[in-house]
$ cat protein-v8.cif   # mmCIF, C-alpha atoms
data_data
loop_
_atom_site.label_atom_id
_atom_site.label_comp_id
_atom_site.auth_asym_id
_atom_site.auth_seq_id
_atom_site.Cartn_x
_atom_site.Cartn_y
_atom_site.Cartn_z
CA MET A 139 0.00 0.00 0.00
CA LEU A 140 1.33 3.35 -1.04
CA SER A 141 -0.14 6.42 0.53
CA VAL A 142 1.01 9.93 -0.20
CA THR A 143 -0.05 12.91 1.87
CA ASN A 144 0.47 16.55 0.97
CA LEU A 145 3.63 15.75 -0.95
CA GLY A 146 5.68 18.50 -2.58
CA CYS A 147 8.00 17.76 -5.49
CA ARG A 148 10.92 19.74 -6.77
CA ARG A 149 12.77 19.45 -10.03
CA GLY A 150 16.19 21.01 -9.52
CA ASP A 151 15.41 24.36 -7.94
CA LEU A 152 11.92 24.59 -9.44
CA ARG A 153 8.88 23.71 -7.35
CA VAL A 154 6.73 21.53 -9.58
CA LEU A 155 4.00 20.00 -7.45
CA SER A 156 2.59 20.62 -4.02
CA GLY A 157 -0.13 19.06 -1.91
CA VAL A 158 -0.15 15.77 -3.80
CA THR A 159 -2.38 13.33 -1.94
CA PHE A 160 -3.47 9.87 -3.04
CA ARG A 161 -3.54 6.23 -1.99
CA VAL A 162 -2.87 3.15 -4.02
CA ALA A 163 -4.14 -0.06 -2.47
CA PRO A 164 -2.83 -3.54 -3.35
CA GLY A 165 -4.36 -4.74 -6.60
CA GLU A 166 -4.94 -1.22 -7.78
CA ALA A 167 -3.30 0.91 -10.45
CA LEU A 168 -3.10 4.67 -10.58
CA VAL A 169 -2.69 6.37 -13.93
CA LEU A 170 -1.17 9.84 -13.77
CA ARG A 171 -2.44 12.26 -16.37
CA GLY A 172 -1.27 15.71 -17.23
CA PRO A 173 0.28 17.59 -20.13
CA ASN A 174 4.03 17.49 -20.83
CA GLY A 175 6.00 19.20 -18.12
CA SER A 176 3.24 18.90 -15.54
CA GLY A 177 5.49 16.91 -13.21
CA LYS A 178 4.62 13.26 -13.80
CA THR A 179 8.26 12.21 -14.05
CA THR A 180 9.21 14.35 -11.06
CA LEU A 181 6.46 12.79 -8.98
CA LEU A 182 7.53 9.26 -9.93
CA ARG A 183 11.19 10.03 -9.20
CA THR A 184 10.21 11.42 -5.81
CA LEU A 185 8.16 8.30 -5.05
CA ALA A 186 11.09 6.13 -6.11
CA GLY A 187 13.31 7.94 -3.63
CA LEU A 188 15.58 9.43 -6.27
CA ALA A 189 14.58 12.98 -5.42
CA PRO A 190 13.92 14.08 -1.85
CA PRO A 191 10.33 15.13 -1.14
CA ASP A 192 9.73 18.83 -0.63
CA GLY A 193 7.50 18.43 2.40
CA GLY A 194 4.70 15.93 2.95
CA THR A 195 4.95 12.21 3.55
CA ILE A 196 5.22 9.06 1.47
CA SER A 197 4.19 6.02 3.43
CA LEU A 198 4.74 2.50 2.21
CA ARG A 199 3.39 -0.59 3.85
CA GLY A 200 3.82 -4.16 2.76
CA GLN A 201 1.09 -6.77 3.07
CA HIS A 202 3.30 -8.80 5.38
CA PRO A 203 4.58 -7.20 8.57
CA GLY A 204 8.13 -8.28 7.75
CA ASP A 205 8.29 -6.41 4.44
CA SER A 206 10.81 -3.62 4.51
CA PRO A 207 9.17 -0.48 3.07
CA GLU A 208 12.03 0.48 0.77
CA ASP A 209 12.05 -3.00 -0.76
CA LEU A 210 8.56 -2.59 -2.18
CA ILE A 211 9.17 -0.22 -5.05
CA ALA A 212 10.50 -0.90 -8.54
CA TYR A 213 11.02 2.06 -10.84
CA ALA A 214 11.27 2.22 -14.63
CA GLY A 215 12.16 5.56 -16.17
CA HIS A 216 12.34 6.91 -19.70
CA ALA A 217 15.66 5.16 -20.26
CA ASP A 218 15.70 1.38 -20.11
CA GLY A 219 19.10 1.04 -18.50
CA LEU A 220 20.26 -1.52 -21.05
CA LYS A 221 23.88 -2.15 -21.88
CA SER A 222 24.31 -2.38 -25.63
CA GLN A 223 27.39 -4.59 -25.36
CA LEU A 224 25.50 -7.25 -23.42
CA SER A 225 23.01 -9.71 -24.84
CA VAL A 226 19.30 -9.66 -23.97
CA GLY A 227 19.75 -12.59 -21.59
CA GLU A 228 22.78 -11.04 -19.89
CA ASN A 229 21.01 -7.73 -19.37
CA LEU A 230 18.04 -9.40 -17.75
CA ARG A 231 20.17 -11.85 -15.77
CA PHE A 232 22.10 -8.92 -14.32
CA TRP A 233 18.97 -7.24 -12.99
CA ALA A 234 17.64 -10.55 -11.70
CA ASP A 235 20.90 -11.03 -9.78
CA VAL A 236 20.77 -7.49 -8.41
CA PHE A 237 17.24 -8.09 -7.11
CA GLY A 238 18.11 -11.57 -5.87
CA GLN A 239 15.77 -13.42 -8.24
CA ARG A 240 16.56 -16.64 -10.06
CA ASN A 241 14.09 -17.02 -12.86
CA ILE A 242 14.35 -14.90 -16.00
CA GLU A 243 12.53 -17.32 -18.32
CA THR A 244 9.04 -16.11 -17.38
CA ALA A 245 10.05 -12.51 -17.97
CA LEU A 246 11.54 -13.39 -21.36
CA GLN A 247 8.45 -15.33 -22.39
CA THR A 248 6.04 -12.63 -21.30
CA PHE A 249 7.40 -10.16 -23.80
CA GLU A 250 8.28 -12.78 -26.44
CA LEU A 251 11.98 -12.13 -26.03
CA THR A 252 13.03 -15.78 -25.83
CA PRO A 253 14.10 -15.97 -29.52
CA LEU A 254 16.25 -12.87 -28.99
CA VAL A 255 17.98 -14.07 -25.84
CA ASN A 256 21.46 -14.17 -27.35
CA ARG A 257 21.06 -11.03 -29.45
CA GLN A 258 23.23 -8.05 -28.51
CA ALA A 259 21.11 -5.27 -27.05
CA SER A 260 22.71 -2.84 -29.52
CA ASN A 261 21.00 -4.73 -32.35
CA LEU A 262 17.51 -4.45 -30.92
CA SER A 263 14.86 -2.13 -32.29
CA ALA A 264 13.47 0.65 -30.09
CA GLY A 265 10.35 -1.38 -29.33
CA GLN A 266 12.34 -4.50 -28.49
CA LYS A 267 14.54 -2.47 -26.16
CA ARG A 268 11.46 -1.14 -24.42
CA ARG A 269 10.07 -4.67 -24.08
CA LEU A 270 13.34 -5.78 -22.50
CA GLY A 271 13.28 -2.76 -20.21
CA LEU A 272 9.74 -3.56 -19.09
CA SER A 273 10.46 -7.25 -18.62
CA ARG A 274 13.00 -6.11 -16.02
CA MET A 275 10.04 -5.23 -13.79
CA LEU A 276 9.14 -8.93 -13.66
CA VAL A 277 12.54 -9.91 -12.28
CA THR A 278 12.47 -7.32 -9.51
CA GLY A 279 9.93 -9.28 -7.49
CA ARG A 280 8.62 -6.02 -6.06
CA LYS A 281 5.04 -5.11 -5.31
CA ILE A 282 4.73 -1.46 -6.26
CA TRP A 283 5.72 -0.56 -9.80
CA LEU A 284 6.41 3.01 -10.83
CA LEU A 285 6.35 3.29 -14.60
CA ASP A 286 7.19 6.42 -16.53
CA GLU A 287 5.73 6.45 -20.06
CA PRO A 288 6.01 2.66 -20.35
CA THR A 289 4.30 2.36 -23.72
CA VAL A 290 6.58 4.69 -25.69
CA SER A 291 7.77 2.96 -28.89
CA LEU A 292 5.65 -0.15 -28.23
CA ASP A 293 3.43 -1.37 -31.05
CA VAL A 294 -0.22 -2.28 -30.52
CA GLU A 295 0.42 -5.96 -29.73
CA SER A 296 3.20 -5.18 -27.27
CA THR A 297 1.03 -2.57 -25.59
CA ALA A 298 -1.64 -5.25 -25.16
CA ILE A 299 0.96 -7.62 -23.69
CA PHE A 300 2.05 -4.86 -21.37
CA ALA A 301 -1.54 -4.25 -20.25
CA GLN A 302 -1.90 -7.98 -19.54
CA MET A 303 1.34 -7.92 -17.56
CA ILE A 304 0.06 -5.05 -15.42
CA ALA A 305 -3.30 -6.79 -14.95
CA ALA A 306 -1.54 -9.99 -13.87
CA HIS A 307 0.65 -8.02 -11.49
CA LEU A 308 -2.41 -6.37 -9.93
CA LYS A 309 -4.10 -9.77 -9.54
CA THR A 310 -1.24 -11.03 -7.40
CA GLY A 311 -1.72 -8.14 -4.99
CA GLY A 312 0.74 -5.79 -6.60
CA SER A 313 0.04 -2.20 -7.45
CA ALA A 314 1.30 0.28 -10.02
CA VAL A 315 1.59 3.99 -10.62
CA LEU A 316 1.84 4.78 -14.31
CA ALA A 317 2.38 7.97 -16.23
CA THR A 318 0.85 7.27 -19.60
CA HIS A 319 -1.45 8.82 -22.17
CA ILE A 320 -2.70 5.54 -23.54
CA ASP A 321 -5.82 3.85 -22.18
CA LEU A 322 -4.63 0.40 -21.18
CA GLY A 323 -8.14 -0.84 -20.46
CA LEU A 324 -7.27 -1.84 -16.91
CA GLU A 325 -10.30 -2.54 -14.74
CA ALA A 326 -8.60 -1.71 -11.46
CA ALA A 327 -7.15 1.57 -12.67
CA ARG A 328 -7.99 5.00 -11.36
CA THR A 329 -6.91 8.17 -13.08
CA LEU A 330 -5.36 11.11 -11.31
CA ASP A 331 -4.99 14.41 -13.09
CA ILE A 332 -1.96 16.01 -11.50
CA THR A 333 -2.46 19.46 -12.99
CA ARG A 334 -4.53 20.37 -9.94
CA PHE A 335 -1.44 19.85 -7.74
CA LYS A 336 0.62 22.31 -9.73
CA ALA A 337 2.76 24.33 -7.34
CA ARG A 338 2.16 28.05 -7.27
CA PRO A 339 5.47 29.87 -7.10
CA GLU A 340 4.32 32.12 -4.26
CA ASP A 341 3.70 29.18 -1.88
CA HIS A 342 6.43 29.38 0.76
CA ALA A 343 8.62 31.31 -1.65
CA ASN A 344 12.29 30.77 -1.01
CA PRO A 345 14.37 33.49 -2.68
CA PHE A 346 17.41 31.22 -2.88
CA LEU A 347 15.64 28.32 -4.53
CA ASP A 348 12.88 29.98 -6.53
CA GLY A 349 15.05 32.32 -8.54
CA PRO A 350 15.32 36.10 -8.48
CA PHE A 351 12.50 38.38 -7.34
CA THR A 352 10.40 39.73 -10.16
CA MET B 115 27.07 -6.74 -5.85
CA ILE B 116 29.22 -9.45 -7.38
CA ALA B 117 26.80 -9.33 -10.33
CA LEU B 118 27.57 -5.62 -10.73
CA LEU B 119 31.31 -6.28 -10.64
CA ILE B 120 31.01 -9.03 -13.22
CA ARG B 121 28.85 -6.84 -15.43
CA ASP B 122 31.32 -3.96 -15.28
CA LEU B 123 34.29 -6.20 -16.04
CA ARG B 124 32.41 -7.76 -18.94
CA LEU B 125 31.48 -4.33 -20.30
CA ALA B 126 35.09 -3.15 -20.02
CA LEU B 127 36.33 -6.21 -21.87
CA ARG B 128 33.72 -6.00 -24.62
CA SER B 129 33.95 -2.30 -25.31
CA GLY B 130 37.74 -2.52 -25.42
CA GLY B 131 38.17 1.24 -25.10
CA GLY B 132 38.57 1.14 -21.31
CA PHE B 133 41.62 -0.76 -20.50
CA GLY B 134 43.30 -0.87 -23.84
CA LEU B 135 43.37 2.91 -23.98
CA SER B 136 44.91 3.42 -20.53
CA LEU B 137 47.54 0.79 -21.14
CA ALA B 138 48.42 2.19 -24.56
CA PHE B 139 48.63 5.69 -23.12
CA PHE B 140 50.95 4.48 -20.35
CA LEU B 141 53.18 2.77 -22.89
CA ILE B 142 53.32 5.87 -25.07
CA VAL B 143 54.20 8.24 -22.22
CA VAL B 144 56.94 5.99 -20.90
CA MET B 145 58.35 5.30 -24.36
CA PHE B 146 58.49 8.98 -25.29
CA VAL B 147 60.45 10.05 -22.21
CA PRO B 148 63.84 8.67 -23.37
CA PHE B 149 63.34 10.36 -26.74
CA GLY B 150 62.53 13.62 -25.04
CA ILE B 151 65.43 13.80 -22.64
CA GLY B 152 68.16 12.18 -24.72
CA PRO B 153 70.17 8.97 -24.46
CA ASP B 154 71.77 9.36 -21.05
CA SER B 155 71.02 6.15 -19.21
CA ALA B 156 72.08 7.52 -15.80
CA THR B 157 69.40 10.23 -16.07
CA HIS B 158 66.84 7.65 -17.12
CA ALA B 159 67.61 5.49 -14.13
CA ALA B 160 67.23 8.47 -11.79
CA ILE B 161 63.87 9.58 -13.11
CA ALA B 162 62.40 6.16 -13.93
CA PRO B 163 60.32 5.71 -10.73
CA GLY B 164 58.81 9.18 -11.07
CA ILE B 165 58.02 8.74 -14.76
CA LEU B 166 56.42 5.35 -14.20
CA TRP B 167 54.24 6.78 -11.45
CA ILE B 168 53.26 9.89 -13.43
CA GLY B 169 52.49 7.76 -16.47
CA ALA B 170 50.31 5.39 -14.45
CA LEU B 171 48.50 8.29 -12.82
CA LEU B 172 47.73 10.06 -16.09
CA ALA B 173 46.66 6.80 -17.73
CA CYS B 174 44.31 6.20 -14.80
CA LEU B 175 42.90 9.71 -15.13
CA LEU B 176 41.95 9.07 -18.76
CA SER B 177 39.30 6.50 -17.97
CA LEU B 178 37.74 8.08 -14.88
CA ASP B 179 34.81 9.83 -16.52
CA ARG B 180 33.54 6.50 -17.82
CA ILE B 181 32.95 5.13 -14.32
CA PHE B 182 29.48 6.63 -13.90
CA GLN B 183 28.83 8.62 -17.08
CA LEU B 184 27.74 5.71 -19.28
CA ASP B 185 25.47 4.30 -16.57
CA PHE B 186 24.02 7.75 -16.05
CA GLU B 187 23.27 8.26 -19.73
CA ASP B 188 21.48 4.98 -20.32
CA GLY B 189 19.47 5.21 -17.09
CA SER B 190 21.14 2.27 -15.33
CA LEU B 191 22.33 4.52 -12.53
CA ASP B 192 18.75 5.53 -11.64
CA LEU B 193 17.74 1.89 -11.64
CA LEU B 194 20.77 0.84 -9.59
CA ALA B 195 20.01 3.57 -7.07
CA THR B 196 16.51 2.13 -6.59
CA ALA B 197 17.80 -1.45 -6.44
CA PRO B 198 18.28 -3.27 -3.13
CA LEU B 199 22.04 -2.65 -3.22
CA PRO B 200 23.34 0.13 -0.97
CA LEU B 201 24.70 2.98 -3.05
CA GLU B 202 27.94 2.83 -1.05
CA GLY B 203 28.38 -0.77 -2.15
CA ILE B 204 27.70 0.18 -5.76
CA VAL B 205 30.38 2.86 -5.58
CA ALA B 206 32.88 0.46 -4.03
CA MET B 207 32.21 -2.13 -6.73
CA LYS B 208 32.55 0.48 -9.47
CA ALA B 209 35.88 1.59 -8.02
CA LEU B 210 37.06 -2.00 -7.73
CA ALA B 211 36.04 -2.72 -11.33
CA HIS B 212 37.91 0.39 -12.43
CA TRP B 213 41.02 -0.76 -10.59
CA LEU B 214 40.83 -4.27 -12.02
CA THR B 215 40.54 -2.93 -15.57
CA THR B 216 42.97 0.01 -15.24
CA GLY B 217 45.15 -0.05 -12.13
CA LEU B 218 45.99 -3.73 -12.22
CA PRO B 219 47.06 -3.85 -15.90
CA LEU B 220 49.16 -0.71 -15.34
CA THR B 221 50.79 -2.31 -12.31
CA LEU B 222 51.61 -5.44 -14.28
CA ALA B 223 52.97 -3.44 -17.22
CA ALA B 224 55.10 -1.07 -15.13
CA PRO B 225 58.06 -3.40 -14.46
CA VAL B 226 58.28 -4.19 -18.17
CA LEU B 227 58.24 -0.50 -19.05
CA GLY B 228 60.79 0.10 -16.27
CA PHE B 229 63.20 -1.87 -18.42
CA LEU B 230 62.79 0.72 -21.19
CA LEU B 231 63.79 3.43 -18.71
CA ASN B 232 66.84 1.55 -17.48
CA LEU B 233 65.36 1.14 -14.02
CA PRO B 234 68.08 -0.19 -11.67
CA ALA B 235 67.72 -3.83 -10.67
CA GLY B 236 66.54 -3.14 -7.12
CA GLY B 237 63.65 -1.00 -8.33
CA TYR B 238 61.49 -3.53 -10.18
CA LEU B 239 60.02 -5.15 -7.12
CA TRP B 240 59.21 -1.82 -5.51
CA VAL B 241 57.73 -0.27 -8.65
CA PHE B 242 55.41 -3.24 -8.76
CA LEU B 243 54.60 -3.20 -5.06
CA SER B 244 54.11 0.57 -4.80
CA LEU B 245 51.78 0.61 -7.80
CA LEU B 246 49.94 -2.43 -6.48
CA VAL B 247 49.30 -0.65 -3.20
CA GLY B 248 48.88 2.86 -4.61
CA THR B 249 46.73 2.49 -7.74
CA PRO B 250 43.62 1.40 -5.79
CA ALA B 251 43.74 4.80 -4.11
CA LEU B 252 43.83 6.41 -7.56
CA SER B 253 40.73 4.44 -8.59
CA PHE B 254 38.83 5.25 -5.42
CA LEU B 255 39.70 8.96 -5.45
CA GLY B 256 38.80 9.07 -9.13
CA THR B 257 35.45 7.41 -8.41
CA PHE B 258 34.70 10.22 -5.99
CA GLY B 259 35.53 12.80 -8.66
CA ALA B 260 33.40 10.91 -11.18
CA ALA B 261 30.47 10.84 -8.74
CA LEU B 262 30.74 14.58 -8.24
CA THR B 263 30.78 15.38 -11.95
CA VAL B 264 28.30 12.78 -13.24
CA GLY B 265 25.58 14.39 -15.28
CA LEU B 266 27.64 17.40 -16.21
CA LYS B 267 28.10 17.92 -19.90
CA ARG B 268 31.80 17.60 -20.66
CA GLY B 269 32.59 17.13 -16.99
CA GLY B 270 35.93 15.58 -17.88
CA LEU B 271 37.87 18.82 -17.48
CA LEU B 272 36.31 19.57 -14.10
CA LEU B 273 36.93 15.99 -13.06
CA SER B 274 40.65 16.26 -13.83
CA LEU B 275 40.94 19.54 -11.95
CA LEU B 276 39.13 18.09 -8.93
CA VAL B 277 41.04 14.87 -8.82
CA LEU B 278 44.61 16.00 -9.57
CA PRO B 279 45.26 17.67 -6.20
CA LEU B 280 43.86 14.60 -4.45
CA TYR B 281 46.31 12.45 -6.43
CA ILE B 282 49.40 14.38 -5.34
CA PRO B 283 49.99 12.62 -1.97
CA THR B 284 49.65 9.21 -3.61
CA LEU B 285 52.10 10.25 -6.32
CA ILE B 286 54.67 11.63 -3.86
CA PHE B 287 54.68 8.66 -1.53
CA GLY B 288 54.37 6.14 -4.35
CA ALA B 289 57.34 7.47 -6.26
CA GLN B 290 59.34 7.97 -3.05
CA SER B 291 58.90 4.38 -1.96
CA VAL B 292 60.80 3.39 -5.11
CA THR B 293 63.34 6.24 -5.20
CA LEU B 294 64.41 5.76 -1.60
CA VAL B 295 65.18 2.10 -2.20
CA LEU B 296 67.33 3.05 -5.17
CA LYS B 297 69.25 5.45 -2.93
CA HIS B 298 69.76 2.57 -0.46
CA LEU B 299 67.63 4.24 2.18
CA SER B 300 64.67 2.81 4.07
CA ASN B 301 61.33 3.34 2.33
CA ALA B 302 59.30 2.04 5.25
CA THR B 303 57.70 5.42 6.02
CA ALA B 304 56.83 6.29 2.44
CA PHE B 305 55.40 2.86 1.77
CA SER B 306 53.37 2.82 4.99
CA VAL B 307 51.93 6.23 4.22
CA LEU B 308 51.06 5.05 0.71
CA ALA B 309 49.26 2.03 2.15
CA ALA B 310 47.53 4.27 4.67
CA ILE B 311 46.27 6.59 1.91
CA SER B 312 44.80 3.58 0.10
CA LEU B 313 43.13 2.23 3.22
CA PHE B 314 41.80 5.67 4.04
CA THR B 315 40.21 6.01 0.60
CA PHE B 316 38.63 2.51 0.83
CA ALA B 317 37.03 3.47 4.11
CA LEU B 318 35.88 6.96 3.25
CA ILE B 319 35.31 7.30 -0.49
CA PRO B 320 32.30 4.94 -0.85
CA PHE B 321 30.32 7.08 1.60
CA ALA B 322 31.43 10.41 0.15
CA ALA B 323 30.84 9.32 -3.44
CA ALA B 324 27.42 7.85 -2.59
CA ARG B 325 26.38 11.20 -1.10
CA ALA B 326 27.59 13.00 -4.22
CA LEU B 327 25.66 10.57 -6.45
CA ARG B 328 22.45 11.05 -4.48
CA VAL B 329 22.69 14.80 -5.00
CA ASN B 330 23.41 14.39 -8.70
CA LEU B 331 20.52 11.99 -9.31
CA ARG B 332 17.88 14.39 -8.01
#

$ encode --input "protein-v8.cif" --output "structure tokens"
Amino acid sequence: MLSVTNLGCRRGDLRVLSGVTFRVAPGEALVLRGPNGSGKTTLLRTLAGLAPPDGGTISLRGQHPGDSPEDLIAYAGHADGLKSQLSVGENLRFWADVFGQRNIETALQTFELTPLVNRQASNLSAGQKRRLGLSRMLVTGRKIWLLDEPTVSLDVESTAIFAQMIAAHLKTGGSAVLATHIDLGLEAARTLDITRFKARPEDHANPFLDGPFT
Amino acid sequence: MIALLIRDLRLALRSGGGFGLSLAFFLIVVMFVPFGIGPDSATHAAIAPGILWIGALLACLLSLDRIFQLDFEDGSLDLLATAPLPLEGIVAMKALAHWLTTGLPLTLAAPVLGFLLNLPAGGYLWVFLSLLVGTPALSFLGTFGAALTVGLKRGGLLLSLLVLPLYIPTLIFGAQSVTLVLKHLSNATAFSVLAAISLFTFALIPFAAARALRVNLR
């Protein structure tokens, strides 16, 4: 369960969002909507712990009492984090090792990457790279997925596969926060328009961080 | 973390640029010195330890900006930072991989290149030992510089400027632990200080570099 209360987000020295409040229960997906530059990426990076929150709280709770909160989240950004000198299998194996998982076969099969397993990542098409990047989520073994524009450069079939993957993940009690413009047809998805959380520059203006007085 | 080390070593081997370039640069520097200062073998013998150390240091400097830059550009660094590995551990593994692909080959090549500089017989062992003990410090200090400058466009210049002053103690005590032996004096102090610098960087740099990375990933 991910619950966010009154969260502020900052991109560099620019205040982007303030007062963000939502909850994502297990088995539920939240789709972030908003025009380009509205702060979807910044919000996801803040949730992933890459950027420090600018006030407010992010609270994470696992379904089991023993779950450590920081081991719940898996993040996928714009870049897939692939190494072009490594093969498809080696790339995925590396991430599986990092996350302490054994099985990469399921992840390969899900996105129909098994025939490409020995192909160098430099020889993949943009869509194939994206599929490999998304299949990484399956080897993280984590419950809460943060996905930033996951369907970019995916064709229609791959987008459908991706929607199935998310649906399957939600069924097993996982949850997801997605920034996407495409309707994935997920039943358990809610939509959150983040433009209403847009930070006004005059809120708690800090002359050192908010630029010169005008 | 072992997986990260193996991945980095594999990447360094496959892309070739990494350790071939440093080694070739080291060879070129050391080979050019006799041409530059003329054929006086007594002079060569006197300056050999210093030249070998300077060459190794500059060769090491060449490959520093690759430590984090490539991972930053393709997004792996973001993903690693959200992975269950501690960032300090990631930094330490990156530094170790850099040493294994740069420092270690330089250390192994140095005695051979010492021959080109007419290094006196007693110096070979100590050139090898001082580089073996000193080059890890170069890799770790360089990793700190790389963590500070990751994400900057053309940060290579800034990286060199940041790292060079930090390299000076290692260079002084490294070269001295060879020169003193050649002068038939005890190098115990110089060599101990060199080892201390290395140990100090192992203990401190992972934490400092991890902090720098966190700031740069914001």

$ closest_atom_pairs --input "protein-v8.cif" --of "chain A" --to "chain B" --cutoff "9 Å" --atoms "only C-alpha atoms" --output "JSON lines"
{"residue": "A:Arg148", "atom": "CA", "partner": "B:Arg332", "partner_atom": "CA", "distance": 8.9}
{"residue": "A:Arg149", "atom": "CA", "partner": "B:Arg332", "partner_atom": "CA", "distance": 7.5}
{"residue": "A:Gly150", "atom": "CA", "partner": "B:Arg332", "partner_atom": "CA", "distance": 7.0}
{"residue": "A:Arg183", "atom": "CA", "partner": "B:Arg332", "partner_atom": "CA", "distance": 8.1}
{"residue": "A:Thr184", "atom": "CA", "partner": "B:Arg332", "partner_atom": "CA", "distance": 8.5}
{"residue": "A:Ala186", "atom": "CA", "partner": "B:Thr196", "partner_atom": "CA", "distance": 6.8}
{"residue": "A:Gly187", "atom": "CA", "partner": "B:Thr196", "partner_atom": "CA", "distance": 7.3}
{"residue": "A:Leu188", "atom": "CA", "partner": "B:Arg332", "partner_atom": "CA", "distance": 5.7}
{"residue": "A:Ala189", "atom": "CA", "partner": "B:Arg332", "partner_atom": "CA", "distance": 4.4}
{"residue": "A:Pro190", "atom": "CA", "partner": "B:Arg332", "partner_atom": "CA", "distance": 7.3}
{"residue": "A:Glu208", "atom": "CA", "partner": "B:Pro198", "partner_atom": "CA", "distance": 8.3}
{"residue": "A:Asp209", "atom": "CA", "partner": "B:Pro198", "partner_atom": "CA", "distance": 6.7}
{"residue": "A:Ile211", "atom": "CA", "partner": "B:Thr196", "partner_atom": "CA", "distance": 7.9}
{"residue": "A:Ala212", "atom": "CA", "partner": "B:Thr196", "partner_atom": "CA", "distance": 7.0}
{"residue": "A:Tyr213", "atom": "CA", "partner": "B:Leu193", "partner_atom": "CA", "distance": 6.8}
{"residue": "A:Ala214", "atom": "CA", "partner": "B:Leu193", "partner_atom": "CA", "distance": 7.1}
{"residue": "A:Gly215", "atom": "CA", "partner": "B:Gly189", "partner_atom": "CA", "distance": 7.4}
{"residue": "A:His216", "atom": "CA", "partner": "B:Gly189", "partner_atom": "CA", "distance": 7.8}
{"residue": "A:Ala217", "atom": "CA", "partner": "B:Gly189", "partner_atom": "CA", "distance": 5.0}
{"residue": "A:Asp218", "atom": "CA", "partner": "B:Gly189", "partner_atom": "CA", "distance": 6.2}
{"residue": "A:Gly219", "atom": "CA", "partner": "B:Ser190", "partner_atom": "CA", "distance": 4.0}
{"residue": "A:Leu220", "atom": "CA", "partner": "B:Asp188", "partner_atom": "CA", "distance": 6.7}
{"residue": "A:Lys221", "atom": "CA", "partner": "B:Asp188", "partner_atom": "CA", "distance": 7.7}
{"residue": "A:Gln223", "atom": "CA", "partner": "B:Leu125", "partner_atom": "CA", "distance": 6.5}
{"residue": "A:Leu224", "atom": "CA", "partner": "B:Leu125", "partner_atom": "CA", "distance": 7.3}
{"residue": "A:Glu228", "atom": "CA", "partner": "B:Arg121", "partner_atom": "CA", "distance": 8.6}
{"residue": "A:Asn229", "atom": "CA", "partner": "B:Arg121", "partner_atom": "CA", "distance": 8.8}
{"residue": "A:Arg231", "atom": "CA", "partner": "B:Ala117", "partner_atom": "CA", "distance": 8.9}
{"residue": "A:Phe232", "atom": "CA", "partner": "B:Ala117", "partner_atom": "CA", "distance": 6.2}
{"residue": "A:Trp233", "atom": "CA", "partner": "B:Ala117", "partner_atom": "CA", "distance": 8.5}
{"residue": "A:Asp235", "atom": "CA", "partner": "B:Ala117", "partner_atom": "CA", "distance": 6.2}
{"residue": "A:Val236", "atom": "CA", "partner": "B:Ala117", "partner_atom": "CA", "distance": 6.6}
{"residue": "A:Phe237", "atom": "CA", "partner": "B:Pro198", "partner_atom": "CA", "distance": 6.3}
{"residue": "A:Gly238", "atom": "CA", "partner": "B:Pro198", "partner_atom": "CA", "distance": 8.7}
{"residue": "A:Thr278", "atom": "CA", "partner": "B:Ala197", "partner_atom": "CA", "distance": 8.5}

$ residues_around --input "protein-v8.cif" --residues "range 144-156 of chain B" --least-positions-apart "6" --cutoff "10 Å" --atoms "all atoms listed in the file" --output "ChimeraX atom specification"
/B:162,165-170,224,227-228,230-234

$ residues_near_point --input "protein-v8.cif" --point "(8.0, -5.1, -17.1)" --cutoff "12 Å" --atoms "all atoms listed in the file" --output "CSV table (one decimal) with C-alpha atoms, keeping the file's coordinate frame"
chain,number,residue,atom,x,y,z
A,212,ALA,CA,10.5,-0.9,-8.5
A,213,TYR,CA,11.0,2.1,-10.8
A,214,ALA,CA,11.3,2.2,-14.6
A,215,GLY,CA,12.2,5.6,-16.2
A,218,ASP,CA,15.7,1.4,-20.1
A,230,LEU,CA,18.0,-9.4,-17.8
A,233,TRP,CA,19.0,-7.2,-13.0
A,242,ILE,CA,14.4,-14.9,-16.0
A,244,THR,CA,9.0,-16.1,-17.4
A,245,ALA,CA,10.0,-12.5,-18.0
A,246,LEU,CA,11.5,-13.4,-21.4
A,247,GLN,CA,8.4,-15.3,-22.4
A,248,THR,CA,6.0,-12.6,-21.3
A,249,PHE,CA,7.4,-10.2,-23.8
A,267,LYS,CA,14.5,-2.5,-26.2
A,268,ARG,CA,11.5,-1.1,-24.4
A,269,ARG,CA,10.1,-4.7,-24.1
A,270,LEU,CA,13.3,-5.8,-22.5
A,271,GLY,CA,13.3,-2.8,-20.2
A,272,LEU,CA,9.7,-3.6,-19.1
A,273,SER,CA,10.5,-7.2,-18.6
A,274,ARG,CA,13.0,-6.1,-16.0
A,275,MET,CA,10.0,-5.2,-13.8
A,276,LEU,CA,9.1,-8.9,-13.7
A,277,VAL,CA,12.5,-9.9,-12.3
A,278,THR,CA,12.5,-7.3,-9.5
A,279,GLY,CA,9.9,-9.3,-7.5
A,280,ARG,CA,8.6,-6.0,-6.1
A,282,ILE,CA,4.7,-1.5,-6.3
A,283,TRP,CA,5.7,-0.6,-9.8
A,284,LEU,CA,6.4,3.0,-10.8
A,285,LEU,CA,6.4,3.3,-14.6
A,286,ASP,CA,7.2,6.4,-16.5
A,288,PRO,CA,6.0,2.7,-20.4
A,289,THR,CA,4.3,2.4,-23.7
A,296,SER,CA,3.2,-5.2,-27.3
A,297,THR,CA,1.0,-2.6,-25.6
A,299,ILE,CA,1.0,-7.6,-23.7
A,300,PHE,CA,2.0,-4.9,-21.4
A,301,ALA,CA,-1.5,-4.2,-20.2
A,302,GLN,CA,-1.9,-8.0,-19.5
A,303,MET,CA,1.3,-7.9,-17.6
A,304,ILE,CA,0.1,-5.0,-15.4
A,305,ALA,CA,-3.3,-6.8,-15.0
A,306,ALA,CA,-1.5,-10.0,-13.9
A,307,HIS,CA,0.6,-8.0,-11.5
A,314,ALA,CA,1.3,0.3,-10.0
A,316,LEU,CA,1.8,4.8,-14.3
